[in-house]
Amino acid sequence: GVSRTPLREALKTLAGEGLIDFAPGRGAVVHAISARQAQDILEVLTGLEAVAGRHAAVRATDAEISELRRMHNEMVACFDRRDRLAYYKINFEIHARIGELSHNPELIALHRQYSARVKRLRFSGSATVEKWQAAIAEHEAMIVALEARDANALADVLRDHMRLIWERLRHLIEA
């Protein structure tokens with residue numbers, strides 16, 4: 001029920017964001033990310049998240065922080081139920097929300113763009129229960145730092161968390 005023009009425009013947008021490629025004779029295909037590209041993207045995303053966290057700790061309202069705590073608790077409940085898809089969706093929302101709590105539209109836009117490029121990969125990052133538990137602990141540290149409004153601690157936790165995401169993904173990408 002969608003005409004070709006809006007579909008073409010949507011595909012051009014996705015291609016501009018590096019999410020798809022146009023292949024002759026095959027049309028639009030999901031862009032394959034090399035290990036080097038993934039590492040580079042995560043490096044940029046690490047910096048964006050650290051800056052966003054630093055600003056969020058200072059600029060977020062108490063209500064916004066409480067909402068993030070609620071989301072975190074819901075994510076933990078998903079882990080307890082071993083509902084990986086729901087956990088992943090909330091996890092992604094939490095990272096996006098931290099970006100939004102920076103109250104910096106340019107930072108938010110960049111964060112969304114770079115997050116979208118590695119979204120598929122991040123889903124694979126907590127494939128084992130041990131890795132999943134470690135990610136939960138890292139998220140708890142994020143929320144505690146945010147609740148304490150400790151900008152430096154939150155930036156550090158986010159940096160470490162993003163570095164560990166790369167470590168969790170490295171073997172999958174390099175294979």
# chains A, B, ... in the order shown; residues from 1 in each chain; ligands from 1
call {"tool": "residues_around", "arguments": {"residues": "Ala109 of chain A", "least_positions_apart": "5", "cutoff": "9 Å", "atoms": "only C-alpha atoms", "output": "list in words"}}
result
Gly99, Asn104 and Tyr114 of chain A
call {"tool": "write_last_selection", "arguments": {"atoms": "C-alpha atoms", "output": "PDB file, in the first residue's frame"}}
result
ATOM      1  CA  GLY A  99      21.501  10.762  24.974  1.00  0.00           C
ATOM      2  CA  ASN A 104      21.583  18.721  23.298  1.00  0.00           C
ATOM      3  CA  TYR A 114      25.734   5.982  15.251  1.00  0.00           C
TER       4      TYR A 114
END
call {"tool": "residues_around", "arguments": {"residues": "Gln37 of chain A", "least_positions_apart": "6", "cutoff": "10 Å", "atoms": "only C-alpha atoms", "output": "list in words"}}
result
Glu43, Arg117 and Val118 of chain A
call {"tool": "write_last_selection", "arguments": {"atoms": "N, CA, C and O atoms", "output": "PDB file, in the first residue's frame"}}
result
ATOM      1  N   GLU A  43      33.873   3.332  18.797  1.00  0.00           N
ATOM      2  CA  GLU A  43      34.780   4.333  19.372  1.00  0.00           C
ATOM      3  C   GLU A  43      34.106   5.707  19.399  1.00  0.00           C
ATOM      4  O   GLU A  43      34.152   6.418  20.409  1.00  0.00           O
ATOM      5  N   ARG A 117      23.659   2.324  13.446  1.00  0.00           N
ATOM      6  CA  ARG A 117      24.612   1.589  12.611  1.00  0.00           C
ATOM      7  C   ARG A 117      25.113   0.309  13.262  1.00  0.00           C
ATOM      8  O   ARG A 117      25.553  -0.605  12.574  1.00  0.00           O
ATOM      9  N   VAL A 118      25.057   0.219  14.583  1.00  0.00           N
ATOM     10  CA  VAL A 118      25.536  -0.996  15.258  1.00  0.00           C
ATOM     11  C   VAL A 118      24.433  -1.694  16.059  1.00  0.00           C
ATOM     12  O   VAL A 118      24.712  -2.564  16.873  1.00  0.00           O
TER      13      VAL A 118
END
call {"tool": "residues_around", "arguments": {"residues": "Glu140 of chain A", "least_positions_apart": "6", "cutoff": "10 Å", "atoms": "only C-alpha atoms", "output": "PDB file with N, CA and C atoms, in the first residue's frame"}}
result
ATOM      1  N   ARG A  69      15.382   5.044  35.882  1.00  0.00           N
ATOM      2  CA  ARG A  69      15.466   3.982  36.895  1.00  0.00           C
ATOM      3  C   ARG A  69      14.352   2.959  36.662  1.00  0.00           C
ATOM      4  N   HIS A  72      15.264   0.845  33.776  1.00  0.00           N
ATOM      5  CA  HIS A  72      16.316  -0.099  34.173  1.00  0.00           C
ATOM      6  C   HIS A  72      15.714  -1.276  34.932  1.00  0.00           C
ATOM      7  N   ASN A  73      14.834  -0.987  35.874  1.00  0.00           N
ATOM      8  CA  ASN A  73      14.204  -2.064  36.650  1.00  0.00           C
ATOM      9  C   ASN A  73      13.400  -2.999  35.750  1.00  0.00           C
ATOM     10  N   VAL A  76      15.839  -5.255  33.985  1.00  0.00           N
ATOM     11  CA  VAL A  76      16.287  -6.326  34.879  1.00  0.00           C
ATOM     12  C   VAL A  76      15.218  -7.421  34.968  1.00  0.00           C
ATOM     13  N   ALA A 134      26.808  -9.306  33.304  1.00  0.00           N
ATOM     14  CA  ALA A 134      27.803  -8.231  33.373  1.00  0.00           C
ATOM     15  C   ALA A 134      27.214  -6.930  32.845  1.00  0.00           C
ATOM     16  N   LEU A 146      24.053   8.320  37.720  1.00  0.00           N
ATOM     17  CA  LEU A 146      23.100   9.341  37.279  1.00  0.00           C
ATOM     18  C   LEU A 146      22.276   9.844  38.460  1.00  0.00           C
ATOM     19  N   VAL A 157      31.670   5.255  33.577  1.00  0.00           N
ATOM     20  CA  VAL A 157      30.922   3.998  33.487  1.00  0.00           C
ATOM     21  C   VAL A 157      30.464   3.765  32.047  1.00  0.00           C
TER      22      VAL A 157
END
call {"tool": "residues_around", "arguments": {"residues": "Ala135 of chain A", "least_positions_apart": "3", "cutoff": "9 Å", "atoms": "only C-alpha atoms", "output": "ChimeraX atom specification"}}
result
/A:126,130-132,138-140,161,164-165
call {"tool": "write_last_selection", "arguments": {"atoms": "N, CA and C atoms", "output": "mmCIF file, in the first residue's frame"}}
result
data_model
loop_
_atom_site.group_PDB
_atom_site.id
_atom_site.type_symbol
_atom_site.label_atom_id
_atom_site.label_comp_id
_atom_site.auth_asym_id
_atom_site.auth_seq_id
_atom_site.Cartn_x
_atom_site.Cartn_y
_atom_site.Cartn_z
ATOM 1 N N SER A 126 25.196 -9.730 24.140
ATOM 2 C CA SER A 126 24.903 -10.355 25.437
ATOM 3 C C SER A 126 24.294 -11.731 25.227
ATOM 4 N N GLU A 130 26.370 -15.026 31.283
ATOM 5 C CA GLU A 130 27.442 -14.317 31.985
ATOM 6 C C GLU A 130 27.615 -12.905 31.428
ATOM 7 N N LYS A 131 27.629 -12.786 30.103
ATOM 8 C CA LYS A 131 27.777 -11.470 29.475
ATOM 9 C C LYS A 131 26.553 -10.600 29.758
ATOM 10 N N TRP A 132 25.411 -11.238 29.778
ATOM 11 C CA TRP A 132 24.163 -10.554 30.063
ATOM 12 C C TRP A 132 24.192 -9.983 31.487
ATOM 13 N N GLU A 138 26.708 -3.297 34.779
ATOM 14 C CA GLU A 138 27.201 -2.032 34.229
ATOM 15 C C GLU A 138 26.068 -1.005 34.159
ATOM 16 N N HIS A 139 24.893 -1.458 33.767
ATOM 17 C CA HIS A 139 23.744 -0.549 33.698
ATOM 18 C C HIS A 139 23.340 -0.062 35.087
ATOM 19 N N GLU A 140 23.431 -0.926 36.077
ATOM 20 C CA GLU A 140 23.118 -0.510 37.447
ATOM 21 C C GLU A 140 24.086 0.586 37.885
ATOM 22 N N HIS A 161 31.537 0.696 29.759
ATOM 23 C CA HIS A 161 30.468 -0.145 29.225
ATOM 24 C C HIS A 161 30.594 -0.286 27.711
ATOM 25 N N LEU A 164 33.476 -2.480 26.811
ATOM 26 C CA LEU A 164 33.153 -3.885 27.035
ATOM 27 C C LEU A 164 32.193 -4.419 25.976
ATOM 28 N N ILE A 165 31.344 -3.559 25.426
ATOM 29 C CA ILE A 165 30.483 -3.985 24.317
ATOM 30 C C ILE A 165 31.364 -4.437 23.156
#
call {"tool": "closest_residue", "arguments": {"among": "A:Thr46, A:Ser102, A:Gln113, A:Ser66", "to": "Arg159 of chain A", "atoms": "only C-alpha atoms"}}
result
A:Thr46
call {"tool": "select_by_dssp", "arguments": {"residues": "chain A", "states": "alpha helix (DSSP H)", "output": "ChimeraX atom specification"}}
result
/A:4-16,35-59,62-81,84-100,105-117,119-124,129-147,151-174
call {"tool": "atom_distance", "arguments": {"atom1": "atom CA of Ala148 of chain A", "atom2": "atom CA of Asn91 of chain A"}}
result
20.5 Å
call {"tool": "residues_around", "arguments": {"residues": "Ala155 of chain A", "least_positions_apart": "6", "cutoff": "6 Å", "atoms": "only C-alpha atoms", "output": "ChimeraX atom specification"}}
result
/A:50,53-54
call {"tool": "residues_around", "arguments": {"residues": "Leu11 of chain A", "least_positions_apart": "3", "cutoff": "8 Å", "atoms": "only C-alpha atoms", "output": "PyMOL selection string"}}
result
chain A and resi 7-8+14-15+20+28
call {"tool": "write_last_selection", "arguments": {"atoms": "C-alpha atoms", "output": "PDB file, in the first residue's frame"}}
result
ATOM      1  CA  LEU A   7       9.865   3.959  -0.388  1.00  0.00           C
ATOM      2  CA  ARG A   8      12.755   5.162  -2.569  1.00  0.00           C
ATOM      3  CA  LEU A  14      18.952   4.426   5.087  1.00  0.00           C
ATOM      4  CA  ALA A  15      21.766   4.368   2.535  1.00  0.00           C
ATOM      5  CA  ILE A  20      22.008  -0.311   3.475  1.00  0.00           C
ATOM      6  CA  ALA A  28      18.941  -2.608  -1.490  1.00  0.00           C
TER       7      ALA A  28
END
call {"tool": "residues_around", "arguments": {"residues": "Glu93 of chain A", "least_positions_apart": "5", "cutoff": "12 Å", "atoms": "only C-alpha atoms", "output": "number ranges by chain"}}
result
A: 67-68, 70-72, 74-75, 86-88, 98-101, 111-112, 115-116, 119
call {"tool": "decode", "arguments": {"residues": "segment 104-117 of chain A", "atoms": "all heavy atoms", "output": "CSV table (one decimal), in the first residue's frame"}}
result
chain,number,residue,atom,x,y,z
A,104,ASN,N,20.8,18.1,24.4
A,104,ASN,CA,21.6,18.7,23.3
A,104,ASN,C,21.1,18.1,22.0
A,104,ASN,O,21.5,16.9,21.7
A,104,ASN,CB,23.1,18.4,23.6
A,104,ASN,CG,24.0,19.0,22.5
A,104,ASN,OD1,23.6,19.0,21.3
A,104,ASN,ND2,25.2,19.4,22.9
A,105,PRO,N,20.3,18.8,21.2
A,105,PRO,CA,19.8,18.2,20.0
A,105,PRO,C,20.8,17.7,19.0
A,105,PRO,O,20.6,16.6,18.3
A,105,PRO,CB,19.0,19.4,19.3
A,105,PRO,CG,18.7,20.3,20.5
A,105,PRO,CD,19.8,20.2,21.4
A,106,GLU,N,22.0,18.3,18.9
A,106,GLU,CA,23.0,17.9,17.9
A,106,GLU,C,23.6,16.6,18.4
A,106,GLU,O,23.8,15.6,17.6
A,106,GLU,CB,24.1,18.9,17.8
A,106,GLU,CG,23.6,20.2,17.1
A,106,GLU,CD,23.1,20.0,15.7
A,106,GLU,OE1,23.7,19.1,15.0
A,106,GLU,OE2,22.1,20.6,15.3
A,107,LEU,N,23.9,16.5,19.7
A,107,LEU,CA,24.4,15.3,20.3
A,107,LEU,C,23.4,14.1,20.2
A,107,LEU,O,23.8,13.0,19.8
A,107,LEU,CB,24.7,15.5,21.8
A,107,LEU,CG,25.3,14.4,22.6
A,107,LEU,CD1,26.6,13.8,21.9
A,107,LEU,CD2,25.6,14.8,24.0
A,108,ILE,N,22.1,14.4,20.4
A,108,ILE,CA,21.1,13.4,20.3
A,108,ILE,C,21.0,12.8,18.9
A,108,ILE,O,20.9,11.6,18.7
A,108,ILE,CB,19.7,14.0,20.7
A,108,ILE,CG1,19.7,14.3,22.2
A,108,ILE,CG2,18.6,13.0,20.4
A,108,ILE,CD1,18.6,15.2,22.6
A,109,ALA,N,21.1,13.7,17.9
A,109,ALA,CA,21.0,13.3,16.5
A,109,ALA,C,22.2,12.4,16.1
A,109,ALA,O,22.0,11.4,15.5
A,109,ALA,CB,20.9,14.5,15.6
A,110,LEU,N,23.4,12.8,16.5
A,110,LEU,CA,24.6,12.0,16.2
A,110,LEU,C,24.5,10.7,16.9
A,110,LEU,O,24.9,9.6,16.3
A,110,LEU,CB,25.8,12.8,16.7
A,110,LEU,CG,26.4,13.8,15.7
A,110,LEU,CD1,27.5,14.6,16.4
A,110,LEU,CD2,26.8,13.2,14.4
A,111,HIS,N,24.1,10.7,18.2
A,111,HIS,CA,24.0,9.4,18.9
A,111,HIS,C,23.0,8.5,18.3
A,111,HIS,O,23.3,7.3,18.1
A,111,HIS,CB,23.5,9.7,20.4
A,111,HIS,CG,23.5,8.5,21.2
A,111,HIS,ND1,22.3,7.8,21.4
A,111,HIS,CD2,24.4,7.9,22.0
A,111,HIS,CE1,22.6,6.7,22.2
A,111,HIS,NE2,23.9,6.8,22.6
A,112,ARG,N,21.9,9.0,17.8
A,112,ARG,CA,20.9,8.1,17.1
A,112,ARG,C,21.5,7.5,15.8
A,112,ARG,O,21.3,6.3,15.6
A,112,ARG,CB,19.6,8.9,16.7
A,112,ARG,CG,18.7,9.1,17.9
A,112,ARG,CD,17.4,9.8,17.4
A,112,ARG,NE,16.6,10.2,18.6
A,112,ARG,CZ,16.0,11.3,18.7
A,112,ARG,NH1,15.9,12.2,17.7
A,112,ARG,NH2,15.3,11.6,19.8
A,113,GLN,N,22.2,8.4,15.1
A,113,GLN,CA,22.8,7.9,13.8
A,113,GLN,C,23.8,6.8,14.1
A,113,GLN,O,23.7,5.7,13.4
A,113,GLN,CB,23.4,9.1,13.1
A,113,GLN,CG,24.1,8.7,11.8
A,113,GLN,CD,24.8,9.9,11.2
A,113,GLN,OE1,24.8,11.0,11.7
A,113,GLN,NE2,25.6,9.6,10.1
A,114,TYR,N,24.7,7.0,15.0
A,114,TYR,CA,25.7,6.0,15.3
A,114,TYR,C,25.2,4.7,15.9
A,114,TYR,O,25.6,3.6,15.7
A,114,TYR,CB,26.9,6.6,16.0
A,114,TYR,CG,27.8,7.3,15.1
A,114,TYR,CD1,27.6,8.6,14.7
A,114,TYR,CD2,28.9,6.7,14.5
A,114,TYR,CE1,28.5,9.3,13.9
A,114,TYR,CE2,29.8,7.3,13.7
A,114,TYR,CZ,29.5,8.6,13.3
A,114,TYR,OH,30.4,9.2,12.4
A,115,SER,N,24.2,4.9,16.8
A,115,SER,CA,23.6,3.8,17.5
A,115,SER,C,22.9,2.9,16.4
A,115,SER,O,23.0,1.6,16.5
A,115,SER,CB,22.6,4.2,18.5
A,115,SER,OG,23.2,4.8,19.6
A,116,ALA,N,22.2,3.5,15.5
A,116,ALA,CA,21.5,2.7,14.5
A,116,ALA,C,22.5,1.8,13.7
A,116,ALA,O,22.1,0.7,13.3
A,116,ALA,CB,20.7,3.6,13.5
A,117,ARG,N,23.7,2.3,13.4
A,117,ARG,CA,24.6,1.6,12.6
A,117,ARG,C,25.1,0.3,13.3
A,117,ARG,O,25.6,-0.6,12.6
A,117,ARG,CB,25.8,2.5,12.2
A,117,ARG,CG,25.3,3.6,11.3
A,117,ARG,CD,26.4,4.5,10.8
A,117,ARG,NE,27.3,3.7,9.9
A,117,ARG,CZ,28.4,4.1,9.5
A,117,ARG,NH1,28.9,5.3,9.9
A,117,ARG,NH2,29.1,3.4,8.6
